[in-house]
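In what follows, a single structure is set out as structure tokens and then discussed.
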Amino acid sequence: MFKKIWRWLKKLWQQLFSRSRIRRDDTPATANAGEKKTPRRSDAEYESLFLQLLDRVGEGASRDNIKGFLITKLIDEDELVAWLRRFGSNLLESPENHRELGRLMVQLGKVAGGELGDVAGEIGRELLGNSETRFLGETGFLNTSVIPTVDNQSADTTNSVSDDIPVDGEAEEWFNRGVDEYEAGNIQAALGCFQRAIEISPNDHYAWNGLGNALKNLGQYQQAIEAYQKAIEISPNFHDAWNGLGATLRDLGQYQEAIEAFQKAIEISPNFHVAWNGLGNALSDLGQYQEAIEAYQKAIDISPNYHVAWNGLGNALSELGQYQQAIEAYNRAIEISHNQSWAAWANRGLVINNLHGYQAALQNWDEGLRSLEPETRDYQEGCAVLHQCKGDAHYLYGKQQPNPHPYWRESRNSYITALKTLSGSQTSILGEVLREQVSPRFQLQYLEILQKLAKVCNALHYQDDFQLCLDIGDTMLENLLRQTDSQEWIIQLAKKFATFSQLRVVLLAQSSQPEKQIEALFLAEKRKNLCLRWMRDNRYAEAFDETPVQYADIRQLLNSQTCAVYWHYSPAAITTFITQHDGIQVISPQNSPDKPAVADIQIQNFEDWLKDWKEDYKTNREKAKKEKGKERWRDEMENRLMELGKILDIETIINKIADDVTQLILIPHRDLHLLPLHYLFPEKFTITYLPSAKVGIQLQHSSPDGKKGVSSLPFQWESSKNVSEFPTPPADSEANPKSKIQNPKSPDIGAQLLSVEHPSDFMPYAAVESAKIAELFPHHRRYTTDATKDKVMELLRTSADIFHFTGHAYHNLDRPIESALLLANKTKLTLRDIFDLDTPSHALVCLSACETGLTGQEGLIDEFVGLVSGFLAKGATYVISTLWRVQEISTALLMIRFYQLLNENVPPAVALKQAQNWLRTAEYSTVIPLLRQFAVEWENDASLCCDILEDSATRAEEKAGTMGLCDRPYAHPYYWAGFILSGKVQL
């Protein structure tokens with residue numbers, strides 16, 4: 001920023017000072033013997049020094065920083081003040097041209113104190129007038145970093161907000177007091193001040209924006225959004241409020257909405273570099289790194305010395321693997337901040353670790369620790385982060401060594417040092433360190449580090465320390481949640497620090513006492529149900545509010561032929577509970593002297609595997625649109641799933657299952673929900689998934705009233721068709737493809753089908769699938785382009801046994817409640833809509849061709865709650881879903897076969913298994929005639945579908961000519977393993 005200010009002000013100041021003689025006095029000031037002499041400087045020298053001082057102020061310098069600058073530069077404060085008075089009197093001859101300078105000087109006045117602060121603040125306020133001294137930035141006040149492009153020696157202020165709204169003097173006083181409290185870190189006091197200002201002057205948009213900043217800082221995000229929106233309502237072009245809104249939405253994980261808010265701020269004020277930086281952050285959150293780089297670069301073009309944007313640029317470059325360029329960006333951030341950007345020090349170390357290794361990274365962080373100045377506002381936070389980085393590096397490096405313990409002890413020491421930095425503790429005894437009071441400002445960071453310390457203590461077998469970390473963490477988190485008003489933020493905090501609950505499960509599971517191991521299962525189960533409850537009720541419930549599930553309850557799901565495999569995935573171990581009708585067995589890898597890192601290696605192997613699986617899946621989807629045949633994710637699927645089976649030790653699990661068991665209930669945890677775990681088990685097992693044991697127990701005791709069909713096995717479809725082969729459609733209108741959006745009257749017999757078909761875009765094979773399935777149901781209703789959100793919600797409130805959806809969906813891992821089915825007219829049915837529906841229970845919900853969360857960038861911290869859980873919570877007996885987007889032809893064939901088997905009174909779990917087996921063993925000699933048959937059926941009703949089916953049949957014949965008619969085109973698990981059934985267990 002310094003160079004830009006200099007370019008702007010150099011000509012201006014030369015013009016101003018040409019009106020009076022520039023005073024130069026070469027006589028040195030007197031000094032005591034042994035002291036440095038303070039030189040008498042020229043006005044030009046003071047110009048340069050004052051610019052540097054303003055640069056520091058624009059970067060958020062504290063009062064101590066300013067005093068340190070004056071001392072370091074040997075500046076006589078009295079002489080600087082005298083020069084500033086002369087300079088200010090000239091500026092005030094034309095104040096309208098110097099508003100940007102005025103803002104900088106007002107900020108200097110607030111921070112510097114003393115006569116320098118008084119004079120700078122007075123000149124700045126006179127330059128701005130009353131209203132603009134209250135201009136607010138993204139996270140604080142006085143957006144001092146914005147230096148617009150200057151033409152003809154005058155600042156362009158056309159984008160500034162200067163609404164002439166009268167402000168009561170008392171309100172002004174309360175507002176200023178709020179600013180002072182905020183900058184002093186007294187956020188709760190600032191909140192009260194802004195609220196008082198608003199009470200006196202309800203249309204003061206600056207006060208509303210200040211209130212939004214304070215609420216955001218306190219984690220009360222929904223209230224902060226409302227405050228920013230009120231500021232915008234009063235002053236629609238108040239770009240700082242739009243920017244604050246964007247920053248808050250980003251904190252809530254609403255990245256697309258955040259982007260829109262940042263873009264609005266930029267539209268109003270194109271040179272608002274803070275908003276450009278926020279835009280870059282939100283784009284990075286979505287994995288759009290190239291677009292993020294462009295946004296960061298724009299922020300830097302506007303404000304070259306904005307080190308925050310340089311740091312963001314480095315992060316985006318690092319994500320793209322451009323490590324050397326990332327280091328250059330971090331170097332620039334460190335240089336501009338005078339070595340005080342702890343974030344850049346931290347991030348540069350991570351990149352150095354990738355390029356040059358562990359020791360070089362440690363040296364970087366140590367250099368950062370030596371460089372940070374205690375007077376810096378974020379000194380404690382910065383030092384804690386750098387110590388945390390060292391702890392992480394020691395831990396990860398240790399996992400790669402034959403004897404990890406020396407490195408893990410160093411990791412433990414680094415984490416403890418980080419905690420001591422935040423609390424100010426001087427003791428070396430861990431128990432005393434953890435009992436020190438921590439400032440509210442640092443509590444979230446403290447809890448993050450404490451989670452890591454607990455994990456490394458467990459790895460070292462320091463069980464007393466492990467227990468202590470969990471106890472202190474639970475207490476701190478409980479107190480923090482009680483102090484928070486926002487339900488949304490409470491839930492986010494509880495999920496953010498799920499590690500404490502997860503590690504306690506590990507502590508209990510690794511006990512030699514069977515009753516403790518069973519308690520571990522119940523604790524894991526309680527957490528699952530709490531997550532679902534938080535999502536369903538949209539409010540926080542404490543653990544004691546959730547009725548615990550006991551072993552006697554779980555036994556309702558089991559018999560001698562049925563066993564439940566229950567996974568719990570924590571940062572310390574993947575624990576497996578094998579629950580059978582006669583007892584519970586626990587598999588929980590533990591580090592030992594001969595295998596000092598077995599549990600940690602398993603976790604690392606799984607996380608590496610999952611990262612590759614997700615990244616290749618994303619690449620597979622992108623390349624499938626452009627380059628045929630380059631599908632690494634699909635091609636390597638079988639080998640990767642074999643590798644997953646070894647990581648999860650499936651062989652040991654199978655060996656512990658009784659020989660008589662033929663039915664498995666799989667209850668995954670976190671990211672395991674996204675994987676085809678059923679594929680890992682032998683063919684003898686029929687498999688049903690459940691989100692939790694409690695959901696299964698509830699399904700055993702519930703049955704939709706007055707329903708026929710799936711809800712009351714065996715099925716009672718009114719059909720006499722021979723379904724061993726795909727039937728030819730009858731000539732009546734209900735089965736005719738062109739009647740697909742009509743709702744003919746049907747006899748009130750048999751199951752009722754509600755079919756919503758490819759509403760967001762046309763999918764030819766989905767159309768075939770839906771038409772063929774509808775033939776099996778005399779009573780059906782079908783909707784396509786008219787299936788909007790309002791229409792589908794109306795339909796779901798009416799009676800139907802089966803809801804069949806063919807189309808697209810997306811799962812939002814950051815905000816699961818926004819996961820949705822995509823409907824007509826760009827509308828969507830979200831998980832929140834499903835929870836809010838007062839809907840009759842459906843016996844079967846089939847979500848065909850929808851994918852879950854494989855496109856997410858990060859792993860799941862807490863339990864996965866998706867669309868399947870939503871429908872089960874609303875009373876659906878069974879839900880079929882897909883883990884990835886599958887080729888349309890194979891999906892249509894599998895779904896049609898599944899419904900035919902249902903029509904033969906085959907239970908849903910068995911029907912899905914048999915349909916999958918049929919598809920994977922189907923030969924070209926079976927597939928080609930089916931495609932030809934479908935083409936004939938659509939010939940007179942949908943020529944596009946007919947042509948596509950003919951083309952598919954022709955291509956299949958060509959492949960069969962090479963591979964042979966006995967070849968099985970859908971044998972690969974890609975085509976069939978992605979389909980899973982969740983719901984009621986048939987005993």
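Ordering of the structure tokens sets the chain letters (A, B, ...), residue numbers begin anew at 1 in every chain, and ligands are numbered from 1 in the order given.
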Skip region 404-409 of chain A itself and residues of its chain fewer than 5 positions away, then list as a list of chain:residue names all residues within 7 Å of it, counting only C-alpha atoms.
A:His394, A:Tyr395, A:Gly398, A:Lys399, A:Val456, A:Leu460
Which of region 583-657 of chain A DSSP labels alpha helix (DSSP H), written as a PyMOL selection string:
chain A and resi 598-624+632-635+637-647+650-656
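The space separating CA of Arg782 (chain A) from CA of Leu753 (chain A) comes to 8.2 Å.
Relative to CA of Gly246 (chain A), CA of Gly210 (chain A) is found at 14.8 Å.
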Atom-to-atom span, CA of Gly212 (chain A) and CA of Ile449 (chain A), Å
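Answer for the CA of Gly212 (chain A) to CA of Ile449 (chain A) separation: 28.2 Å.
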Set the distance at 12 Å and use only C-alpha atoms: which residues neighbour Gly357 (chain A) once local chain neighbours fewer than 5 positions away are removed? I'd like the list as a PDB file with N, CA and C atoms, in the first residue's frame.
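So part-v2.pdb came out as:
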```
ATOM      1  N   GLY A 349       5.532 -22.724   5.819  1.00  0.00           N
ATOM      2  CA  GLY A 349       6.127 -23.929   6.386  1.00  0.00           C
ATOM      3  C   GLY A 349       5.499 -25.202   5.844  1.00  0.00           C
ATOM      4  N   LEU A 350       4.176 -25.184   5.642  1.00  0.00           N
ATOM      5  CA  LEU A 350       3.506 -26.363   5.100  1.00  0.00           C
ATOM      6  C   LEU A 350       4.001 -26.675   3.692  1.00  0.00           C
ATOM      7  N   VAL A 351       4.186 -25.625   2.889  1.00  0.00           N
ATOM      8  CA  VAL A 351       4.671 -25.836   1.523  1.00  0.00           C
ATOM      9  C   VAL A 351       6.134 -26.273   1.547  1.00  0.00           C
ATOM     10  N   ILE A 352       6.925 -25.665   2.402  1.00  0.00           N
ATOM     11  CA  ILE A 352       8.332 -26.066   2.525  1.00  0.00           C
ATOM     12  C   ILE A 352       8.433 -27.534   2.922  1.00  0.00           C
ATOM     13  N   LEU A 362      10.386 -27.043  10.045  1.00  0.00           N
ATOM     14  CA  LEU A 362      10.580 -26.644  11.446  1.00  0.00           C
ATOM     15  C   LEU A 362      11.424 -25.372  11.538  1.00  0.00           C
ATOM     16  N   GLN A 363      12.456 -25.283  10.730  1.00  0.00           N
ATOM     17  CA  GLN A 363      13.302 -24.084  10.743  1.00  0.00           C
ATOM     18  C   GLN A 363      12.497 -22.848  10.344  1.00  0.00           C
ATOM     19  N   ASN A 364      11.605 -22.999   9.368  1.00  0.00           N
ATOM     20  CA  ASN A 364      10.755 -21.881   8.953  1.00  0.00           C
ATOM     21  C   ASN A 364       9.885 -21.406  10.106  1.00  0.00           C
ATOM     22  N   ALA A 393       3.668 -31.360  12.510  1.00  0.00           N
ATOM     23  CA  ALA A 393       4.772 -31.906  11.722  1.00  0.00           C
ATOM     24  C   ALA A 393       5.483 -33.025  12.474  1.00  0.00           C
ATOM     25  N   HIS A 394       5.734 -32.831  13.765  1.00  0.00           N
ATOM     26  CA  HIS A 394       6.372 -33.888  14.569  1.00  0.00           C
ATOM     27  C   HIS A 394       5.511 -35.151  14.556  1.00  0.00           C
ATOM     28  N   LEU A 396       3.138 -36.184  12.358  1.00  0.00           N
ATOM     29  CA  LEU A 396       3.065 -36.848  11.055  1.00  0.00           C
ATOM     30  C   LEU A 396       4.391 -37.502  10.681  1.00  0.00           C
ATOM     31  N   TYR A 397       5.489 -36.818  10.976  1.00  0.00           N
ATOM     32  CA  TYR A 397       6.798 -37.390  10.666  1.00  0.00           C
ATOM     33  C   TYR A 397       7.036 -38.649  11.500  1.00  0.00           C
TER      34      TYR A 397
END
```
Excluding Ser881 (chain A) and its own-chain neighbours fewer than 5 positions away, which residues fall within 6 Å of it when counting only C-alpha atoms? Please give them as a count of residues only.
3
Can you tell me, as a PDB file with N, CA, C and O atoms, in the first residue's frame, what residues are no more than 6 Å from region 299-306 of chain A when counting only C-alpha atoms, ignoring any on the same chain fewer than 5 positions away?
```
ATOM      1  N   MET A   1       0.818  -1.201   0.000  1.00  0.00           N
ATOM      2  CA  MET A   1       0.000   0.000   0.000  1.00  0.00           C
ATOM      3  C   MET A   1       0.860   1.263   0.000  1.00  0.00           C
ATOM      4  O   MET A   1       0.476   2.289  -0.523  1.00  0.00           O
ATOM      5  N   HIS A 273     -10.759  -3.788  -2.159  1.00  0.00           N
ATOM      6  CA  HIS A 273      -9.880  -4.948  -2.212  1.00  0.00           C
ATOM      7  C   HIS A 273     -10.218  -5.999  -1.153  1.00  0.00           C
ATOM      8  O   HIS A 273      -9.973  -7.188  -1.350  1.00  0.00           O
ATOM      9  N   TRP A 276     -12.670  -8.281  -2.705  1.00  0.00           N
ATOM     10  CA  TRP A 276     -12.004  -9.159  -3.665  1.00  0.00           C
ATOM     11  C   TRP A 276     -11.296 -10.302  -2.943  1.00  0.00           C
ATOM     12  O   TRP A 276     -11.320 -11.454  -3.395  1.00  0.00           O
ATOM     13  N   ASN A 277     -10.683  -9.991  -1.813  1.00  0.00           N
ATOM     14  CA  ASN A 277     -10.022 -11.033  -1.027  1.00  0.00           C
ATOM     15  C   ASN A 277     -11.045 -12.024  -0.477  1.00  0.00           C
ATOM     16  O   ASN A 277     -10.824 -13.241  -0.511  1.00  0.00           O
ATOM     17  N   ILE A 336       5.846  -7.624   3.337  1.00  0.00           N
ATOM     18  CA  ILE A 336       4.963  -6.462   3.463  1.00  0.00           C
ATOM     19  C   ILE A 336       4.570  -6.224   4.913  1.00  0.00           C
ATOM     20  O   ILE A 336       4.470  -5.083   5.373  1.00  0.00           O
TER      21      ILE A 336
END
```
Show which residues sit within 10 Å of Ala977 (chain A), as an NGL selection string. Count only C-alpha atoms, and ignore same-chain residues fewer than 2 positions away.
:A and (675-679 or 882-884 or 886 or 913 or 916-917 or 920 or 972-975 or 979-980)
Measuring between only C-alpha atoms, which one of A:Asn217, A:Asn812, A:Thr788, A:Thr688 shows the shortest distance to Gln986 (chain A)?
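Distance minimum relative to Gln986 (chain A) lands on A:Thr688.
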Report the residues of region 495-610 of chain A whose backbone DSSP state falls under strand (DSSP E), written as JSON, numbers by chain.
{"A": [562, 563, 564, 565, 566, 567, 568, 569, 574, 575, 576, 577, 578, 579, 580, 583, 584, 585, 586, 587]}
Find the residues near region 658-662 of chain A: any atom within 9 Å, counting only C-alpha atoms, skip ones fewer than 5 places away on the same chain, and give them as a PyMOL selection string.
chain A and resi 559-563+580+684-687
Write out the residues from the selection above, keeping all heavy atoms, as an mmCIF file, in the first residue's frame.
```
data_model
loop_
_atom_site.group_PDB
_atom_site.id
_atom_site.type_symbol
_atom_site.label_atom_id
_atom_site.label_comp_id
_atom_site.auth_asym_id
_atom_site.auth_seq_id
_atom_site.Cartn_x
_atom_site.Cartn_y
_atom_site.Cartn_z
ATOM 1 N N ASN A 559 -31.069 -61.639 15.177
ATOM 2 C CA ASN A 559 -31.400 -63.019 15.515
ATOM 3 C C ASN A 559 -30.203 -63.877 15.146
ATOM 4 O O ASN A 559 -29.128 -63.344 14.822
ATOM 5 C CB ASN A 559 -32.699 -63.478 14.826
ATOM 6 C CG ASN A 559 -32.624 -63.372 13.297
ATOM 7 O OD1 ASN A 559 -31.531 -63.430 12.717
ATOM 8 N ND2 ASN A 559 -33.777 -63.215 12.665
ATOM 9 N N SER A 560 -30.376 -65.178 15.159
ATOM 10 C CA SER A 560 -29.215 -66.048 14.919
ATOM 11 C C SER A 560 -28.696 -65.939 13.495
ATOM 12 O O SER A 560 -27.553 -66.323 13.220
ATOM 13 C CB SER A 560 -29.585 -67.505 15.230
ATOM 14 O OG SER A 560 -30.671 -67.924 14.411
ATOM 15 N N GLN A 561 -29.517 -65.397 12.572
ATOM 16 C CA GLN A 561 -29.089 -65.241 11.177
ATOM 17 C C GLN A 561 -28.715 -63.804 10.822
ATOM 18 O O GLN A 561 -28.338 -63.526 9.687
ATOM 19 C CB GLN A 561 -30.195 -65.707 10.223
ATOM 20 C CG GLN A 561 -30.405 -67.206 10.167
ATOM 21 C CD GLN A 561 -31.275 -67.696 11.320
ATOM 22 O OE1 GLN A 561 -32.286 -67.071 11.630
ATOM 23 N NE2 GLN A 561 -30.879 -68.789 11.948
ATOM 24 N N THR A 562 -28.842 -62.896 11.791
ATOM 25 C CA THR A 562 -28.639 -61.468 11.502
ATOM 26 C C THR A 562 -27.609 -60.876 12.452
ATOM 27 O O THR A 562 -27.676 -61.074 13.669
ATOM 28 C CB THR A 562 -29.961 -60.687 11.634
ATOM 29 O OG1 THR A 562 -30.952 -61.307 10.808
ATOM 30 C CG2 THR A 562 -29.775 -59.239 11.213
ATOM 31 N N CYS A 563 -26.674 -60.140 11.888
ATOM 32 C CA CYS A 563 -25.580 -59.519 12.659
ATOM 33 C C CYS A 563 -25.418 -58.073 12.204
ATOM 34 O O CYS A 563 -25.604 -57.763 11.019
ATOM 35 C CB CYS A 563 -24.284 -60.302 12.427
ATOM 36 S SG CYS A 563 -22.776 -59.495 13.010
ATOM 37 N N GLN A 580 -23.935 -59.222 17.704
ATOM 38 C CA GLN A 580 -24.739 -60.390 17.375
ATOM 39 C C GLN A 580 -25.748 -60.642 18.501
ATOM 40 O O GLN A 580 -25.696 -59.998 19.552
ATOM 41 C CB GLN A 580 -23.836 -61.596 17.144
ATOM 42 C CG GLN A 580 -22.789 -61.320 16.050
ATOM 43 C CD GLN A 580 -21.944 -62.515 15.700
ATOM 44 O OE1 GLN A 580 -22.388 -63.416 14.996
ATOM 45 N NE2 GLN A 580 -20.702 -62.524 16.192
ATOM 46 N N LYS A 684 -22.688 -64.530 0.279
ATOM 47 C CA LYS A 684 -23.686 -65.201 1.117
ATOM 48 C C LYS A 684 -24.537 -64.225 1.917
ATOM 49 O O LYS A 684 -25.632 -64.565 2.355
ATOM 50 C CB LYS A 684 -22.992 -66.174 2.080
ATOM 51 C CG LYS A 684 -22.099 -65.483 3.113
ATOM 52 C CD LYS A 684 -21.549 -66.471 4.152
ATOM 53 C CE LYS A 684 -22.565 -66.778 5.228
ATOM 54 N NZ LYS A 684 -22.000 -67.511 6.382
ATOM 55 N N PHE A 685 -24.050 -62.983 2.098
ATOM 56 C CA PHE A 685 -24.767 -62.034 2.952
ATOM 57 C C PHE A 685 -25.727 -61.166 2.141
ATOM 58 O O PHE A 685 -25.359 -60.626 1.091
ATOM 59 C CB PHE A 685 -23.779 -61.121 3.691
ATOM 60 C CG PHE A 685 -22.885 -61.846 4.658
ATOM 61 C CD1 PHE A 685 -21.516 -61.893 4.450
ATOM 62 C CD2 PHE A 685 -23.399 -62.485 5.771
ATOM 63 C CE1 PHE A 685 -20.678 -62.553 5.329
ATOM 64 C CE2 PHE A 685 -22.578 -63.150 6.665
ATOM 65 C CZ PHE A 685 -21.213 -63.187 6.446
ATOM 66 N N THR A 686 -26.947 -61.016 2.662
ATOM 67 C CA THR A 686 -27.864 -59.982 2.191
ATOM 68 C C THR A 686 -27.706 -58.792 3.128
ATOM 69 O O THR A 686 -27.722 -58.960 4.355
ATOM 70 C CB THR A 686 -29.314 -60.488 2.217
ATOM 71 O OG1 THR A 686 -29.432 -61.595 1.329
ATOM 72 C CG2 THR A 686 -30.281 -59.389 1.785
ATOM 73 N N ILE A 687 -27.583 -57.590 2.544
ATOM 74 C CA ILE A 687 -27.119 -56.452 3.346
ATOM 75 C C ILE A 687 -28.122 -55.310 3.315
ATOM 76 O O ILE A 687 -28.630 -54.931 2.264
ATOM 77 C CB ILE A 687 -25.733 -55.982 2.851
ATOM 78 C CG1 ILE A 687 -24.691 -57.065 3.161
ATOM 79 C CG2 ILE A 687 -25.337 -54.649 3.474
ATOM 80 C CD1 ILE A 687 -23.307 -56.794 2.638
#
```
